[in-house]
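Contents: one structure, followed by commentary.
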Amino acid sequence: MVLSNLRIFQRSQTVHRLEQDKLISLLIPARNEEASIAHSLDSLVSQAYQRLEIIVLDDASEDRTATIVQEYAAVDNRVHLMQSRQLPDGWNGKQHACWQLAQSAKGEYLLFLDADVRLSVDAVGRLLQHQRSCGSDLLSGFPRQETLTLGERLMIPLMYV
C-alpha cells in the first residue's frame, strides 16, 4: 500500500496540465462549523483544478456557519449555500445531509468533505488524475491528519485500519 501511494503522490507534477473538462462537485455537510468552514473554503476555492461547484449544506447551525458561506458565495460564483430540510423518520443527520447534497450536485464527480478538511492546492486534480488512470468508480481519500494530543496521535491512525 505504501509503495502504491508513493507512486500516486509522485504524479502530482502533471496535475496542473489536466484537461479541466469535468465539473466536480465538492459537497460539505456543515453544522456549527463557524471555527473551521472559512479555512476549508479557502483551500477549495484555490484549487488548481478550477471547474468546481462547492456546495455547503447548513444543517441547522446555531452559529455563523451560513453567514460565512454566504460571504464566500458573494465573491465566488462556484460557492453555494443550501439549507437542510427536516430530518425524515429513520434517517441520521449526516447521511441525510449528504443525500441532499448529492441530489443538488451538477458535477460528473462528487467529492464529499467534512467542514474541517483543508486540501492541498492540487488535491482535487490528483484525485481526478488517479481516477482516470485506474478507472475506479469510487475513491476514498485519507488525508494527513493533524494531531496535537497524545490521545489523537494514538487513535487517529487506527481510522485507516
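Residues are referred to by chain and number: the chain letter is A, B, ... according to the order shown in the C-alpha cells, the number counts from 1 in that chain, and ligands are numbered separately from 1 in the order shown.
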Next item on the list: For Gly141 (chain A), list every protein, DNA or RNA residue within 10 Å, evaluated using only C-alpha atoms, and leave out those in the same chain fewer than 6 positions away; present the list as a PyMOL selection string.
Entry: chain A and resi 111+113+123+127
Write down as a PDB file with N, CA, C and O atoms, in the first residue's frame the residues of region 69-146 of chain A whose backbone DSSP state falls under helix (DSSP H, G or I).
ATOM      1  N   VAL A  69     -20.440  31.173   4.797  1.00  0.00           N
ATOM      2  CA  VAL A  69     -20.564  30.592   3.451  1.00  0.00           C
ATOM      3  C   VAL A  69     -21.173  31.613   2.497  1.00  0.00           C
ATOM      4  O   VAL A  69     -20.719  31.741   1.346  1.00  0.00           O
ATOM      5  N   GLN A  70     -22.168  32.366   2.941  1.00  0.00           N
ATOM      6  CA  GLN A  70     -22.768  33.395   2.089  1.00  0.00           C
ATOM      7  C   GLN A  70     -21.744  34.452   1.689  1.00  0.00           C
ATOM      8  O   GLN A  70     -21.771  34.944   0.559  1.00  0.00           O
ATOM      9  N   GLU A  71     -20.838  34.787   2.579  1.00  0.00           N
ATOM     10  CA  GLU A  71     -19.789  35.754   2.254  1.00  0.00           C
ATOM     11  C   GLU A  71     -18.890  35.224   1.137  1.00  0.00           C
ATOM     12  O   GLU A  71     -18.509  35.972   0.234  1.00  0.00           O
ATOM     13  N   TYR A  72     -18.560  33.952   1.177  1.00  0.00           N
ATOM     14  CA  TYR A  72     -17.755  33.346   0.104  1.00  0.00           C
ATOM     15  C   TYR A  72     -18.551  33.299  -1.199  1.00  0.00           C
ATOM     16  O   TYR A  72     -18.015  33.569  -2.270  1.00  0.00           O
ATOM     17  N   ALA A  73     -19.831  32.945  -1.108  1.00  0.00           N
ATOM     18  CA  ALA A  73     -20.679  32.857  -2.304  1.00  0.00           C
ATOM     19  C   ALA A  73     -20.819  34.220  -2.984  1.00  0.00           C
ATOM     20  O   ALA A  73     -20.964  34.288  -4.205  1.00  0.00           O
ATOM     21  N   ALA A  74     -20.754  35.291  -2.219  1.00  0.00           N
ATOM     22  CA  ALA A  74     -20.889  36.631  -2.781  1.00  0.00           C
ATOM     23  C   ALA A  74     -19.703  37.016  -3.666  1.00  0.00           C
ATOM     24  O   ALA A  74     -19.852  37.854  -4.557  1.00  0.00           O
ATOM     25  N   VAL A  75     -18.552  36.392  -3.428  1.00  0.00           N
ATOM     26  CA  VAL A  75     -17.361  36.747  -4.220  1.00  0.00           C
ATOM     27  C   VAL A  75     -16.889  35.626  -5.150  1.00  0.00           C
ATOM     28  O   VAL A  75     -16.024  35.847  -5.985  1.00  0.00           O
ATOM     29  N   GLY A  93     -28.612  12.315  10.690  1.00  0.00           N
ATOM     30  CA  GLY A  93     -28.341  13.670  10.221  1.00  0.00           C
ATOM     31  C   GLY A  93     -27.337  13.785   9.099  1.00  0.00           C
ATOM     32  O   GLY A  93     -27.618  14.395   8.062  1.00  0.00           O
ATOM     33  N   LYS A  94     -26.144  13.227   9.274  1.00  0.00           N
ATOM     34  CA  LYS A  94     -25.110  13.418   8.260  1.00  0.00           C
ATOM     35  C   LYS A  94     -25.467  12.704   6.961  1.00  0.00           C
ATOM     36  O   LYS A  94     -25.234  13.227   5.870  1.00  0.00           O
ATOM     37  N   GLN A  95     -26.030  11.522   7.048  1.00  0.00           N
ATOM     38  CA  GLN A  95     -26.426  10.797   5.839  1.00  0.00           C
ATOM     39  C   GLN A  95     -27.506  11.570   5.081  1.00  0.00           C
ATOM     40  O   GLN A  95     -27.481  11.648   3.858  1.00  0.00           O
ATOM     41  N   HIS A  96     -28.442  12.144   5.802  1.00  0.00           N
ATOM     42  CA  HIS A  96     -29.491  12.945   5.170  1.00  0.00           C
ATOM     43  C   HIS A  96     -28.888  14.177   4.504  1.00  0.00           C
ATOM     44  O   HIS A  96     -29.266  14.542   3.382  1.00  0.00           O
ATOM     45  N   ALA A  97     -27.948  14.819   5.174  1.00  0.00           N
ATOM     46  CA  ALA A  97     -27.279  15.987   4.598  1.00  0.00           C
ATOM     47  C   ALA A  97     -26.531  15.603   3.314  1.00  0.00           C
ATOM     48  O   ALA A  97     -26.637  16.310   2.301  1.00  0.00           O
ATOM     49  N   CYS A  98     -25.809  14.503   3.334  1.00  0.00           N
ATOM     50  CA  CYS A  98     -25.073  14.068   2.144  1.00  0.00           C
ATOM     51  C   CYS A  98     -26.025  13.694   1.009  1.00  0.00           C
ATOM     52  O   CYS A  98     -25.747  13.987  -0.164  1.00  0.00           O
ATOM     53  N   TRP A  99     -27.140  13.086   1.332  1.00  0.00           N
ATOM     54  CA  TRP A  99     -28.127  12.737   0.295  1.00  0.00           C
ATOM     55  C   TRP A  99     -28.667  14.004  -0.361  1.00  0.00           C
ATOM     56  O   TRP A  99     -28.782  14.082  -1.588  1.00  0.00           O
ATOM     57  N   GLN A 100     -28.992  15.019   0.447  1.00  0.00           N
ATOM     58  CA  GLN A 100     -29.479  16.280  -0.109  1.00  0.00           C
ATOM     59  C   GLN A 100     -28.430  16.935  -0.998  1.00  0.00           C
ATOM     60  O   GLN A 100     -28.742  17.461  -2.074  1.00  0.00           O
ATOM     61  N   LEU A 101     -27.191  16.894  -0.563  1.00  0.00           N
ATOM     62  CA  LEU A 101     -26.110  17.466  -1.363  1.00  0.00           C
ATOM     63  C   LEU A 101     -25.976  16.731  -2.697  1.00  0.00           C
ATOM     64  O   LEU A 101     -25.854  17.360  -3.753  1.00  0.00           O
ATOM     65  N   ALA A 102     -26.018  15.413  -2.646  1.00  0.00           N
ATOM     66  CA  ALA A 102     -25.892  14.628  -3.881  1.00  0.00           C
ATOM     67  C   ALA A 102     -27.034  14.934  -4.844  1.00  0.00           C
ATOM     68  O   ALA A 102     -26.834  14.990  -6.062  1.00  0.00           O
ATOM     69  N   GLN A 103     -28.236  15.132  -4.321  1.00  0.00           N
ATOM     70  CA  GLN A 103     -29.388  15.442  -5.163  1.00  0.00           C
ATOM     71  C   GLN A 103     -29.244  16.804  -5.843  1.00  0.00           C
ATOM     72  O   GLN A 103     -29.765  17.008  -6.932  1.00  0.00           O
ATOM     73  N   SER A 104     -28.542  17.730  -5.225  1.00  0.00           N
ATOM     74  CA  SER A 104     -28.378  19.079  -5.771  1.00  0.00           C
ATOM     75  C   SER A 104     -27.161  19.227  -6.669  1.00  0.00           C
ATOM     76  O   SER A 104     -27.075  20.187  -7.434  1.00  0.00           O
ATOM     77  N   ALA A 123      -4.955  18.767  -4.662  1.00  0.00           N
ATOM     78  CA  ALA A 123      -5.629  17.549  -4.187  1.00  0.00           C
ATOM     79  C   ALA A 123      -6.751  17.095  -5.116  1.00  0.00           C
ATOM     80  O   ALA A 123      -6.842  15.911  -5.453  1.00  0.00           O
ATOM     81  N   VAL A 124      -7.627  17.989  -5.531  1.00  0.00           N
ATOM     82  CA  VAL A 124      -8.739  17.604  -6.395  1.00  0.00           C
ATOM     83  C   VAL A 124      -8.207  17.091  -7.731  1.00  0.00           C
ATOM     84  O   VAL A 124      -8.662  16.064  -8.238  1.00  0.00           O
ATOM     85  N   GLY A 125      -7.249  17.768  -8.284  1.00  0.00           N
ATOM     86  CA  GLY A 125      -6.649  17.321  -9.542  1.00  0.00           C
ATOM     87  C   GLY A 125      -5.976  15.965  -9.420  1.00  0.00           C
ATOM     88  O   GLY A 125      -6.082  15.128 -10.320  1.00  0.00           O
ATOM     89  N   ARG A 126      -5.298  15.733  -8.308  1.00  0.00           N
ATOM     90  CA  ARG A 126      -4.656  14.427  -8.112  1.00  0.00           C
ATOM     91  C   ARG A 126      -5.686  13.313  -7.998  1.00  0.00           C
ATOM     92  O   ARG A 126      -5.496  12.220  -8.534  1.00  0.00           O
ATOM     93  N   LEU A 127      -6.786  13.578  -7.306  1.00  0.00           N
ATOM     94  CA  LEU A 127      -7.836  12.567  -7.204  1.00  0.00           C
ATOM     95  C   LEU A 127      -8.418  12.253  -8.577  1.00  0.00           C
ATOM     96  O   LEU A 127      -8.617  11.092  -8.928  1.00  0.00           O
ATOM     97  N   LEU A 128      -8.693  13.290  -9.359  1.00  0.00           N
ATOM     98  CA  LEU A 128      -9.231  13.078 -10.699  1.00  0.00           C
ATOM     99  C   LEU A 128      -8.230  12.336 -11.578  1.00  0.00           C
ATOM    100  O   LEU A 128      -8.587  11.408 -12.306  1.00  0.00           O
ATOM    101  N   GLN A 129      -6.984  12.715 -11.488  1.00  0.00           N
ATOM    102  CA  GLN A 129      -5.946  12.051 -12.262  1.00  0.00           C
ATOM    103  C   GLN A 129      -5.852  10.568 -11.889  1.00  0.00           C
ATOM    104  O   GLN A 129      -5.758   9.705 -12.763  1.00  0.00           O
ATOM    105  N   HIS A 130      -5.912  10.276 -10.598  1.00  0.00           N
ATOM    106  CA  HIS A 130      -5.844   8.877 -10.164  1.00  0.00           C
ATOM    107  C   HIS A 130      -7.071   8.107 -10.634  1.00  0.00           C
ATOM    108  O   HIS A 130      -6.958   6.967 -11.104  1.00  0.00           O
ATOM    109  N   GLN A 131      -8.239   8.714 -10.547  1.00  0.00           N
ATOM    110  CA  GLN A 131      -9.461   8.051 -11.002  1.00  0.00           C
ATOM    111  C   GLN A 131      -9.355   7.725 -12.484  1.00  0.00           C
ATOM    112  O   GLN A 131      -9.719   6.637 -12.924  1.00  0.00           O
ATOM    113  N   ARG A 132      -8.849   8.656 -13.272  1.00  0.00           N
ATOM    114  CA  ARG A 132      -8.716   8.425 -14.712  1.00  0.00           C
ATOM    115  C   ARG A 132      -7.704   7.334 -15.020  1.00  0.00           C
ATOM    116  O   ARG A 132      -7.894   6.548 -15.936  1.00  0.00           O
ATOM    117  N   SER A 133      -6.636   7.282 -14.246  1.00  0.00           N
ATOM    118  CA  SER A 133      -5.603   6.279 -14.543  1.00  0.00           C
ATOM    119  C   SER A 133      -6.009   4.877 -14.111  1.00  0.00           C
ATOM    120  O   SER A 133      -5.620   3.899 -14.735  1.00  0.00           O
ATOM    121  N   CYS A 134      -6.810   4.758 -13.048  1.00  0.00           N
ATOM    122  CA  CYS A 134      -7.189   3.423 -12.580  1.00  0.00           C
ATOM    123  C   CYS A 134      -8.598   3.023 -12.994  1.00  0.00           C
ATOM    124  O   CYS A 134      -8.959   1.855 -12.931  1.00  0.00           O
TER     125      CYS A 134
END
Checklist line | Two-atom distance - CA of Leu26 (chain A), CA of Ile156 (chain A) (Å) | finding: 23.9 Å
Check: Could you pull out the strand (DSSP E) residues of region 80-148 of chain A from DSSP and send them as a ChimeraX atom specification?
Finding: /A:80-83,109-112
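Closest to Ile68 (chain A) among A:Gln50, A:Ser120, A:Ser40, A:Gln86 is A:Ser40, based on only C-alpha atoms.
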Item checked: Residue neighbourhood region 53-66 of chain A, 6 Å, only C-alpha atoms, exclusion window fewer than 6 positions, as a PyMOL selection string -> chain A and resi 25-34+78-84
File of the preceding selection, N, CA and C atoms, as a short mmCIF file (atom, residue, chain, number, x, y, z; two decimals), in the first residue's frame:
data_model
loop_
_atom_site.label_atom_id
_atom_site.label_comp_id
_atom_site.auth_asym_id
_atom_site.auth_seq_id
_atom_site.Cartn_x
_atom_site.Cartn_y
_atom_site.Cartn_z
N SER A 25 -18.20 18.32 -8.16
CA SER A 25 -18.99 18.90 -7.07
C SER A 25 -18.30 18.58 -5.75
N LEU A 26 -17.91 19.62 -5.02
CA LEU A 26 -17.33 19.48 -3.70
C LEU A 26 -18.46 19.74 -2.71
N LEU A 27 -18.79 18.74 -1.91
CA LEU A 27 -20.01 18.75 -1.11
C LEU A 27 -19.68 18.67 0.38
N ILE A 28 -20.17 19.65 1.13
CA ILE A 28 -19.81 19.75 2.54
C ILE A 28 -21.06 19.86 3.41
N PRO A 29 -21.37 18.81 4.19
CA PRO A 29 -22.42 18.96 5.20
C PRO A 29 -21.81 19.71 6.39
N ALA A 30 -22.52 20.73 6.89
CA ALA A 30 -21.93 21.55 7.95
C ALA A 30 -22.97 21.87 9.02
N ARG A 31 -22.57 21.67 10.24
CA ARG A 31 -23.42 22.05 11.37
C ARG A 31 -22.52 22.66 12.45
N ASN A 32 -22.75 23.91 12.72
CA ASN A 32 -21.97 24.64 13.73
C ASN A 32 -20.47 24.54 13.45
N GLU A 33 -20.09 24.93 12.24
CA GLU A 33 -18.69 24.85 11.81
C GLU A 33 -18.06 26.23 11.64
N GLU A 34 -18.54 27.19 12.39
CA GLU A 34 -18.04 28.57 12.30
C GLU A 34 -16.51 28.64 12.43
N ARG A 78 -18.82 29.90 -7.67
CA ARG A 78 -18.77 28.44 -7.55
C ARG A 78 -19.25 27.97 -6.18
N VAL A 79 -19.35 28.88 -5.22
CA VAL A 79 -19.74 28.54 -3.85
C VAL A 79 -21.24 28.77 -3.69
N HIS A 80 -21.93 27.75 -3.13
CA HIS A 80 -23.37 27.81 -2.94
C HIS A 80 -23.72 27.32 -1.54
N LEU A 81 -24.74 27.94 -0.96
CA LEU A 81 -25.24 27.55 0.36
C LEU A 81 -26.61 26.93 0.21
N MET A 82 -26.82 25.79 0.84
CA MET A 82 -28.12 25.15 0.92
C MET A 82 -28.54 25.09 2.39
N GLN A 83 -29.83 25.11 2.62
CA GLN A 83 -30.36 24.89 3.97
C GLN A 83 -30.95 23.49 4.01
N SER A 84 -30.67 22.76 5.05
CA SER A 84 -31.16 21.39 5.19
C SER A 84 -32.67 21.36 5.38
#
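Candidate residues A:Leu110, A:Ala38, A:Asp76, A:Arg51 were compared for distance to Asp137 (chain A), and the nearest is A:Leu110, using only C-alpha atoms.
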